[in-house]
$ cat upload35.tsv   # TSV, C-alpha atoms
chain	number	residue	atom	x	y	z
Y	11	MET	CA	0.00	0.00	0.00
Y	12	GLU	CA	1.42	3.38	-0.99
Y	13	THR	CA	1.80	5.75	1.95
Y	14	ASN	CA	1.95	9.49	2.51
Y	15	LEU	CA	3.38	11.29	5.53
Y	16	ILE	CA	1.45	14.17	7.07
Y	17	ILE	CA	3.59	16.71	8.92
Y	18	GLN	CA	1.89	19.35	11.09
Y	19	GLY	CA	3.06	22.00	13.52
Y	20	VAL	CA	2.49	25.48	14.85
Y	21	GLU	CA	5.43	26.46	12.66
Y	22	VAL	CA	6.86	24.09	10.05
Y	23	ALA	CA	10.28	25.12	8.80
Y	24	THR	CA	11.24	24.45	5.20
Y	25	GLN	CA	14.49	22.88	6.35
Y	26	ASP	CA	12.56	20.43	8.56
Y	27	LEU	CA	10.36	19.43	5.63
Y	28	LYS	CA	13.36	18.85	3.41
Y	29	GLN	CA	15.08	16.73	6.05
Y	30	LEU	CA	11.92	14.70	6.70
Y	31	ALA	CA	11.47	14.15	2.96
Y	32	LYS	CA	15.01	12.80	2.86
Y	33	LEU	CA	14.54	10.58	5.92
Y	34	SER	CA	11.24	9.17	4.64
Y	35	GLY	CA	12.21	8.85	0.98
Y	36	ALA	CA	9.36	11.09	-0.15
Y	37	SER	CA	9.00	11.78	-3.85
Y	38	ARG	CA	7.69	15.33	-3.30
Y	39	ILE	CA	6.13	17.71	-0.78
Y	40	GLU	CA	2.64	19.22	-1.01
Y	41	ALA	CA	1.35	22.08	1.17
Y	42	ILE	CA	-2.09	21.51	2.72
Y	43	ASN	CA	-1.96	24.85	4.52
Y	44	GLN	CA	0.65	26.85	6.45
Y	45	GLN	CA	0.65	24.35	9.31
Y	46	ALA	CA	0.22	21.06	7.46
Y	47	PHE	CA	2.16	19.36	4.67
Y	48	ARG	CA	1.86	16.08	2.80
Y	49	LEU	CA	5.00	14.13	1.89
Y	50	ILE	CA	4.12	11.85	-1.03
Y	51	GLU	CA	5.02	8.16	-1.44
Y	52	VAL	CA	7.16	7.65	1.64
Y	53	ASP	CA	8.80	4.54	3.05
Y	54	SER	CA	6.67	3.46	6.04
Y	55	ALA	CA	9.75	1.72	7.48
Y	56	SER	CA	11.13	5.19	8.25
Y	57	LYS	CA	8.64	5.71	11.10
Y	58	THR	CA	11.20	5.40	13.91
Y	59	VAL	CA	13.58	8.01	12.53
Y	60	VAL	CA	10.69	10.30	11.51
Y	61	ALA	CA	9.20	10.06	15.00
Y	62	ALA	CA	12.52	10.96	16.61
Y	63	TYR	CA	13.05	13.92	14.30
Y	64	CYS	CA	9.51	15.23	14.78
Y	65	GLY	CA	9.78	14.91	18.54
Y	66	ASN	CA	12.85	17.13	18.57
Y	67	ALA	CA	11.32	19.60	16.10
Y	68	GLN	CA	7.95	19.76	17.93
Y	69	LEU	CA	6.05	18.50	14.91
Y	70	ASP	CA	3.13	16.09	14.67
Y	71	PHE	CA	3.33	13.33	12.08
Y	72	GLY	CA	1.18	10.57	10.64
Y	73	PHE	CA	1.76	7.87	8.04
Y	74	VAL	CA	-1.50	7.56	6.13
Y	75	PRO	CA	-2.65	5.38	3.22
Y	76	GLN	CA	-2.36	7.35	-0.01
Y	77	ASN	CA	-5.89	6.49	-1.10
Y	78	ARG	CA	-7.58	7.50	2.19
Y	79	LYS	CA	-10.35	10.10	1.87
Y	80	LEU	CA	-12.41	11.94	4.47
Y	81	ALA	CA	-15.50	10.54	2.77
Y	82	ASP	CA	-14.34	7.04	3.76
Y	83	PHE	CA	-15.51	7.75	7.32
Y	84	GLY	CA	-19.02	7.91	8.72
Y	85	LEU	CA	-18.66	8.47	12.49
Y	86	ALA	CA	-16.30	10.49	14.70
Y	87	VAL	CA	-16.33	9.68	18.42
Y	88	MET	CA	-14.79	12.18	20.84
Y	89	ASP	CA	-13.97	12.45	24.50
Y	90	MET	CA	-14.92	15.78	26.09
Y	91	ASP	CA	-12.63	16.84	28.95
Y	92	SER	CA	-9.11	17.76	27.79
Y	93	THR	CA	-10.06	16.68	24.25
Y	94	LEU	CA	-12.99	18.60	22.79
Y	95	ILE	CA	-12.55	21.18	25.56
Y	96	THR	CA	-9.41	22.34	27.35
Y	97	ILE	CA	-10.49	21.73	30.95
Y	98	GLU	CA	-11.43	18.84	33.21
Y	99	CYS	CA	-14.90	20.01	34.26
Y	100	ILE	CA	-14.95	18.17	37.58
Y	101	ASP	CA	-11.66	19.80	38.61
Y	102	GLU	CA	-13.10	23.25	37.89
Y	103	ILE	CA	-16.33	22.43	39.75
Y	104	ALA	CA	-14.24	21.32	42.73
Y	105	ASP	CA	-12.40	24.64	42.60
Y	106	MET	CA	-15.68	26.31	43.53
Y	107	MET	CA	-15.41	24.47	46.88
Y	108	GLY	CA	-11.69	25.03	47.32
Y	109	LEU	CA	-11.02	21.36	46.59
Y	110	LYS	CA	-9.35	21.51	43.18
Y	111	PRO	CA	-5.94	20.13	44.23
Y	112	GLN	CA	-7.46	17.05	45.88
Y	113	VAL	CA	-9.87	16.33	43.02
Y	114	ALA	CA	-7.35	17.12	40.27
Y	115	ALA	CA	-4.88	14.65	41.76
Y	116	ILE	CA	-7.51	11.88	41.59
Y	117	THR	CA	-8.45	12.91	38.04
Y	118	ALA	CA	-4.85	12.80	36.85
Y	119	SER	CA	-4.28	9.38	38.41
Y	120	ALA	CA	-7.42	8.00	36.76
Y	121	MET	CA	-6.45	9.42	33.35
Y	122	ARG	CA	-3.07	7.73	33.62
Y	123	GLY	CA	-4.85	4.46	34.32
Y	124	GLU	CA	-3.47	4.10	37.84
Y	125	ILE	CA	-6.83	3.80	39.61
Y	126	ASP	CA	-10.28	2.51	38.67
Y	127	PHE	CA	-12.30	5.15	36.85
Y	128	GLN	CA	-15.68	4.35	38.43
Y	129	ALA	CA	-14.27	4.42	41.95
Y	130	SER	CA	-12.37	7.63	41.21
Y	131	LEU	CA	-15.44	9.34	39.79
Y	132	ARG	CA	-17.62	8.44	42.77
Y	133	ALA	CA	-14.88	9.65	45.13
Y	134	ARG	CA	-14.53	12.96	43.31
Y	135	VAL	CA	-18.27	13.57	42.96
Y	136	GLY	CA	-18.72	12.72	46.64
Y	137	LEU	CA	-16.56	15.71	47.53
Y	138	LEU	CA	-19.03	18.01	45.73
Y	139	ASP	CA	-21.91	17.31	48.13
Y	140	GLY	CA	-23.81	20.51	48.89
Y	141	LEU	CA	-22.45	22.60	46.03
Y	142	PRO	CA	-25.15	24.83	44.46
Y	143	VAL	CA	-25.93	23.77	40.88
Y	144	GLU	CA	-25.26	27.36	39.79
Y	145	ALA	CA	-21.57	26.55	40.16
Y	146	LEU	CA	-21.80	24.27	37.11
Y	147	GLU	CA	-23.18	27.16	35.05
Y	148	ARG	CA	-20.29	29.33	36.19
Y	149	VAL	CA	-17.80	26.69	35.06
Y	150	TYR	CA	-19.52	26.47	31.68
Y	151	GLN	CA	-19.72	30.22	31.17
Y	152	GLU	CA	-16.42	31.32	32.71
Y	153	ARG	CA	-13.94	28.46	32.33
Y	154	LEU	CA	-14.98	26.05	29.59
Y	155	GLN	CA	-13.08	26.69	26.36
Y	156	LEU	CA	-13.04	24.66	23.17
Y	157	SER	CA	-9.75	23.07	22.20
Y	158	PRO	CA	-7.91	24.84	19.36
Y	159	GLY	CA	-9.32	23.93	15.96
Y	160	THR	CA	-12.52	22.38	17.34
Y	161	GLU	CA	-14.94	24.36	15.20
Y	162	VAL	CA	-12.90	23.87	12.02
Y	163	PHE	CA	-12.68	20.15	12.81
Y	164	LEU	CA	-16.43	19.78	13.34
Y	165	ALA	CA	-17.26	21.86	10.26
Y	166	GLY	CA	-15.05	19.55	8.18
Y	167	LEU	CA	-16.81	16.49	9.54
Y	168	LYS	CA	-20.23	17.99	8.85
Y	169	THR	CA	-19.31	18.91	5.28
Y	170	ALA	CA	-18.20	15.31	4.70
Y	171	GLY	CA	-21.45	13.96	6.17
Y	172	ILE	CA	-19.70	12.36	9.15
Y	173	LYS	CA	-21.86	11.92	12.27
Y	174	THR	CA	-20.48	12.94	15.68
Y	175	LEU	CA	-20.69	11.27	19.08
Y	176	LEU	CA	-19.45	13.02	22.22
Y	177	VAL	CA	-19.00	10.32	24.87
Y	178	SER	CA	-17.67	11.42	28.22
Y	179	GLY	CA	-16.91	10.29	31.73
Y	180	GLY	CA	-17.96	13.84	32.59
Y	181	PHE	CA	-21.44	15.20	33.01
Y	182	THR	CA	-24.61	15.75	30.99
Y	183	PHE	CA	-24.77	19.35	32.21
Y	184	PHE	CA	-21.86	20.07	29.87
Y	185	THR	CA	-22.30	17.53	27.08
Y	186	GLU	CA	-25.88	18.60	26.38
Y	187	ARG	CA	-24.93	22.25	26.19
Y	188	LEU	CA	-22.07	21.44	23.84
Y	189	LYS	CA	-24.39	19.28	21.73
Y	190	THR	CA	-26.67	22.24	21.13
Y	191	ARG	CA	-23.87	24.77	20.74
Y	192	LEU	CA	-21.79	22.71	18.30
Y	193	GLY	CA	-24.49	20.76	16.47
Y	194	LEU	CA	-23.29	17.35	17.63
Y	195	ASP	CA	-25.40	14.34	16.67
Y	196	TYR	CA	-25.11	12.16	19.79
Y	197	THR	CA	-23.90	12.49	23.38
Y	198	ALA	CA	-23.46	10.13	26.34
Y	199	SER	CA	-22.21	11.07	29.80
Y	200	ASN	CA	-22.94	10.92	33.54
Y	201	LEU	CA	-25.87	12.52	35.36
Y	202	LEU	CA	-25.22	14.35	38.63
Y	203	GLU	CA	-27.98	14.11	41.24
Y	204	VAL	CA	-29.40	17.49	42.25
Y	205	VAL	CA	-31.81	17.99	45.18
Y	206	ASN	CA	-33.16	21.40	46.15
Y	207	GLY	CA	-30.73	23.09	43.80
Y	208	LYS	CA	-27.62	21.45	45.26
Y	209	LEU	CA	-25.42	18.53	44.25
Y	210	THR	CA	-25.83	15.51	46.53
Y	211	GLY	CA	-22.44	13.99	45.78
Y	212	ASN	CA	-24.05	11.12	43.87
Y	213	VAL	CA	-24.09	10.02	40.23
Y	214	LEU	CA	-27.40	8.69	38.91
Y	215	GLY	CA	-27.55	5.54	36.76
Y	216	ASP	CA	-24.72	3.58	35.22
Y	217	ILE	CA	-21.39	5.36	35.02
Y	218	VAL	CA	-19.93	6.06	31.59
Y	219	ASP	CA	-16.49	4.51	32.00
Y	220	ALA	CA	-14.01	2.92	29.59
Y	221	ASP	CA	-16.25	-0.04	28.83
Y	222	ALA	CA	-19.32	2.15	28.36
Y	223	LYS	CA	-17.47	4.43	25.94
Y	224	ALA	CA	-16.64	1.48	23.72
Y	225	VAL	CA	-20.22	0.21	23.99
Y	226	TRP	CA	-21.58	3.60	22.92
Y	227	LEU	CA	-19.20	3.70	19.96
Y	228	ARG	CA	-20.36	0.27	18.77
Y	229	LYS	CA	-24.02	1.13	19.43
Y	230	ILE	CA	-24.03	4.27	17.27
Y	231	ARG	CA	-21.76	2.63	14.67
Y	232	ASP	CA	-24.21	-0.25	14.31
Y	233	GLU	CA	-27.23	2.07	14.21
Y	234	LEU	CA	-25.56	3.86	11.30
Y	235	GLY	CA	-24.70	0.56	9.61
Y	236	LEU	CA	-20.98	1.27	9.54
Y	237	PRO	CA	-18.02	-1.12	9.74
Y	238	ALA	CA	-15.32	-0.37	12.33
Y	239	LYS	CA	-12.96	0.95	9.65
Y	240	GLN	CA	-15.30	3.89	9.03
Y	241	VAL	CA	-15.06	5.12	12.62
Y	242	VAL	CA	-12.46	7.53	14.01
Y	243	ALA	CA	-12.08	8.05	17.77
Y	244	ILE	CA	-10.21	10.80	19.61
Y	245	GLY	CA	-9.29	10.84	23.29
Y	246	ASP	CA	-6.62	11.68	25.85
Y	247	GLY	CA	-6.94	9.44	28.92
Y	248	ALA	CA	-6.71	5.79	29.92
Y	249	ASN	CA	-10.50	5.54	30.08
Y	250	ASP	CA	-10.53	6.24	26.31
Y	251	LEU	CA	-8.35	3.24	25.40
Y	252	LYS	CA	-11.17	0.75	24.81
Y	253	MET	CA	-13.07	3.31	22.72
Y	254	LEU	CA	-9.96	4.00	20.67
Y	255	ALA	CA	-9.35	0.28	20.17
Y	256	ALA	CA	-12.89	-0.16	18.81
Y	257	ALA	CA	-12.36	2.45	16.07
Y	258	GLY	CA	-10.82	2.00	12.65
Y	259	VAL	CA	-8.58	5.01	13.24
Y	260	SER	CA	-7.58	6.26	16.70
Y	261	VAL	CA	-6.07	9.63	17.59
Y	262	ALA	CA	-4.45	10.57	20.91
Y	263	TYR	CA	-4.98	14.31	21.41
Y	264	ARG	CA	-2.60	16.01	23.90
Y	265	ALA	CA	-2.81	12.63	25.58
Y	266	LYS	CA	-1.26	10.71	28.45
Y	267	ALA	CA	1.72	8.53	27.51
Y	268	VAL	CA	-0.25	5.29	27.82
Y	269	VAL	CA	-2.72	6.58	25.21
Y	270	GLN	CA	-0.09	7.86	22.80
Y	271	GLU	CA	1.57	4.43	22.87
Y	272	LYS	CA	-1.65	2.66	21.82
Y	273	ALA	CA	-3.25	5.10	19.36
Y	274	ASP	CA	-2.64	5.13	15.60
Y	275	TYR	CA	-1.74	8.82	15.70
Y	276	ALA	CA	-0.84	11.45	18.28
Y	277	LEU	CA	-1.38	15.20	18.06
Y	278	ASN	CA	0.64	17.15	20.62
Y	279	PHE	CA	1.20	20.50	18.92
Y	280	VAL	CA	-1.61	21.33	16.47
Y	281	GLY	CA	-5.32	21.62	17.20
Y	282	LEU	CA	-8.17	19.20	16.62
Y	283	ASP	CA	-8.43	20.37	13.02
Y	284	GLY	CA	-5.23	18.39	12.51
Y	285	VAL	CA	-7.33	15.22	12.68
Y	286	LEU	CA	-8.90	16.11	9.34
Y	287	HIS	CA	-5.53	15.97	7.59
Y	288	LEU	CA	-4.91	12.48	8.96
Y	289	LEU	CA	-8.23	11.31	7.52
Y	290	GLY	CA	-7.57	12.53	4.00

$ encode --input "upload35.tsv" --output "structure tokens"
Amino acid sequence: METNLIIQGVEVATQDLKQLAKLSGASRIEAINQQAFRLIEVDSASKTVVAAYCGNAQLDFGFVPQNRKLADFGLAVMDMDSTLITIECIDEIADMMGLKPQVAAITASAMRGEIDFQASLRARVGLLDGLPVEALERVYQERLQLSPGTEVFLAGLKTAGIKTLLVSGGFTFFTERLKTRLGLDYTASNLLEVVNGKLTGNVLGDIVDADAKAVWLRKIRDELGLPAKQVVAIGDGANDLKMLAAAGVSVAYRAKAVVQEKADYALNFVGLDGVLHLLG
């Protein structure tokens, strides 16, 4: 199978492109835009040396089949916290109670895969008992920001007719607002219990964990009548690994090391719009 090499970065120097073309045996270089370039007909066996060079040059790379097209895909599945958006919502909610350091430490450990996600979520949510629900609205309005390139990424998917699923170990308060704001097709996340306008510290129903994320991916994929190869999944934490493994193409976005090791591609420097270039 003939292969191209996609090189992306905040700044891509001409000298870096020339050196990467030499290392990969590319026949020529095509500009996609100012931050993305396509090296044509490369030697896929050059991945190790290309990866080392790109790591030093702060460039993202991806070896992609030459015949791949965006239209080959039918479903994009995304994590929310630290993927579609820049924050971990539960950490910012905890900050409203002066508990961010404690909660953030549990979050980070769970995302690295060191502790069970369900247990970690219940422990973190338990610390929020008594917090007025208005605090969630403040987090959404004041702190939630989309990851760079999100809107360009989603517009590209929509133009290509690709459906979107936002599946999160976070909360419906945020996923439903993002669904409306961004025109997403499907969402799945956790429901916080609220009584008399305050959080109780409990999560209602089954928790959306690593297994549930993969189940949701397969559920929507099957509803759409798609094979696995037509699904792309994007995530950053250990609880995304099973979802990523169930997709035809997996992308680690600003991800923990354990995720970057397992995913097909990793984006550490460019925004989410960089996913489009990996898909053709």

$ residues_around --input "upload35.tsv" --residues "stretch 125-135 of chain Y" --least-positions-apart "5" --cutoff "8 Å" --atoms "all atoms listed in the file" --output "list in words"
Ile100, Val113, Ile116, Thr117, Ser119, Ala120, Gly211, Asn212, Val213, Ile217, Asp219, Ala220 and Asn249 of chain Y

$ atom_distance --input "upload35.tsv" --atom1 "atom CA of Y:Phe183" --atom2 "atom CA of Y:Asp139"
16.3 Å

$ residues_around --input "upload35.tsv" --residues "stretch 191-196 of chain Y" --least-positions-apart "2" --cutoff "9 Å" --atoms "all atoms listed in the file" --output "PDB file with C-alpha atoms, in the frame of the given file"
ATOM      1  CA  GLU Y 161     -14.940  24.360  15.200  1.00  0.00           C
ATOM      2  CA  LEU Y 164     -16.430  19.780  13.340  1.00  0.00           C
ATOM      3  CA  LYS Y 173     -21.860  11.920  12.270  1.00  0.00           C
ATOM      4  CA  THR Y 174     -20.480  12.940  15.680  1.00  0.00           C
ATOM      5  CA  LEU Y 175     -20.690  11.270  19.080  1.00  0.00           C
ATOM      6  CA  LEU Y 176     -19.450  13.020  22.220  1.00  0.00           C
ATOM      7  CA  VAL Y 177     -19.000  10.320  24.870  1.00  0.00           C
ATOM      8  CA  GLU Y 186     -25.880  18.600  26.380  1.00  0.00           C
ATOM      9  CA  ARG Y 187     -24.930  22.250  26.190  1.00  0.00           C
ATOM     10  CA  LEU Y 188     -22.070  21.440  23.840  1.00  0.00           C
ATOM     11  CA  LYS Y 189     -24.390  19.280  21.730  1.00  0.00           C
ATOM     12  CA  ALA Y 198     -23.460  10.130  26.340  1.00  0.00           C
ATOM     13  CA  ILE Y 230     -24.030   4.270  17.270  1.00  0.00           C
TER      14      ILE Y 230
END

$ closest_residue --input "upload35.tsv" --among "Y:Met121, Y:Val242, Y:Gly171, Y:Ser178" --to "Y:Ala267" --atoms "all atoms listed in the file"
Y:Met121

$ closest_residue --input "upload35.tsv" --among "Y:Arg78, Y:Thr93, Y:Ile39, Y:Glu12" --to "Y:Ala55" --atoms "all atoms listed in the file"
Y:Glu12

$ atom_distance --input "upload35.tsv" --atom1 "atom CA of Y:Asp101" --atom2 "atom CA of Y:Asp250"
18.3 Å

$ closest_residue --input "upload35.tsv" --among "Y:Ala81, Y:Ile17, Y:Ile42, Y:Ile244" --to "Y:Gln68" --atoms "all atoms listed in the file"
Y:Ile17

$ residues_near_point --input "upload35.tsv" --point "(-11.1, 13.7, 8.2)" --cutoff "6 Å" --atoms "all atoms listed in the file" --output "PyMOL selection string"
chain Y and resi 80+286+289-290

$ build_atoms --input "upload35.tsv" --residues "stretch 204-227 of chain Y" --atoms "N, CA and C atoms" --output "compact mmCIF listing (two decimals), keeping the file's coordinate frame"
# COMPACT_ATOMS: atom_id res chain seq x y z
N VAL Y 204 -29.18 16.16 41.68
CA VAL Y 204 -29.40 17.49 42.25
C VAL Y 204 -30.69 17.45 43.06
N VAL Y 205 -30.63 17.90 44.31
CA VAL Y 205 -31.81 17.99 45.18
C VAL Y 205 -31.84 19.38 45.78
N ASN Y 206 -32.99 20.04 45.62
CA ASN Y 206 -33.16 21.40 46.15
C ASN Y 206 -32.06 22.35 45.68
N GLY Y 207 -31.68 22.18 44.40
CA GLY Y 207 -30.73 23.09 43.80
C GLY Y 207 -29.28 22.87 44.19
N LYS Y 208 -29.00 21.73 44.85
CA LYS Y 208 -27.62 21.45 45.26
C LYS Y 208 -27.22 20.04 44.86
N LEU Y 209 -25.94 19.86 44.55
CA LEU Y 209 -25.42 18.53 44.25
C LEU Y 209 -25.44 17.69 45.52
N THR Y 210 -25.78 16.42 45.37
CA THR Y 210 -25.83 15.51 46.53
C THR Y 210 -24.54 14.72 46.71
N GLY Y 211 -23.65 14.80 45.71
CA GLY Y 211 -22.44 13.99 45.78
C GLY Y 211 -22.62 12.62 45.17
N ASN Y 212 -23.77 12.42 44.49
CA ASN Y 212 -24.05 11.12 43.87
C ASN Y 212 -24.16 11.24 42.35
N VAL Y 213 -23.88 10.14 41.67
CA VAL Y 213 -24.09 10.02 40.23
C VAL Y 213 -25.27 9.09 40.01
N LEU Y 214 -26.21 9.50 39.17
CA LEU Y 214 -27.40 8.69 38.91
C LEU Y 214 -27.16 7.74 37.74
N GLY Y 215 -27.65 6.50 37.86
CA GLY Y 215 -27.55 5.54 36.76
C GLY Y 215 -26.17 4.95 36.60
N ASP Y 216 -26.01 4.22 35.51
CA ASP Y 216 -24.72 3.58 35.22
C ASP Y 216 -23.68 4.63 34.84
N ILE Y 217 -22.47 4.43 35.31
CA ILE Y 217 -21.39 5.36 35.02
C ILE Y 217 -20.82 5.09 33.63
N VAL Y 218 -20.59 6.17 32.89
CA VAL Y 218 -19.93 6.06 31.59
C VAL Y 218 -18.43 5.98 31.84
N ASP Y 219 -17.91 4.75 31.79
CA ASP Y 219 -16.49 4.51 32.00
C ASP Y 219 -15.87 4.00 30.70
N ALA Y 220 -14.70 3.39 30.79
CA ALA Y 220 -14.01 2.92 29.59
C ALA Y 220 -14.85 1.91 28.81
N ASP Y 221 -15.43 0.96 29.51
CA ASP Y 221 -16.25 -0.04 28.83
C ASP Y 221 -17.46 0.60 28.17
N ALA Y 222 -18.11 1.51 28.90
CA ALA Y 222 -19.32 2.15 28.36
C ALA Y 222 -19.00 2.99 27.13
N LYS Y 223 -17.84 3.63 27.11
CA LYS Y 223 -17.47 4.43 25.94
C LYS Y 223 -17.37 3.55 24.70
N ALA Y 224 -16.75 2.40 24.85
CA ALA Y 224 -16.64 1.48 23.72
C ALA Y 224 -18.01 0.95 23.31
N VAL Y 225 -18.86 0.68 24.28
CA VAL Y 225 -20.22 0.21 23.99
C VAL Y 225 -21.00 1.26 23.21
N TRP Y 226 -20.88 2.52 23.63
CA TRP Y 226 -21.58 3.60 22.92
C TRP Y 226 -21.06 3.75 21.49
N LEU Y 227 -19.76 3.63 21.32
CA LEU Y 227 -19.20 3.70 19.96
C LEU Y 227 -19.81 2.62 19.08
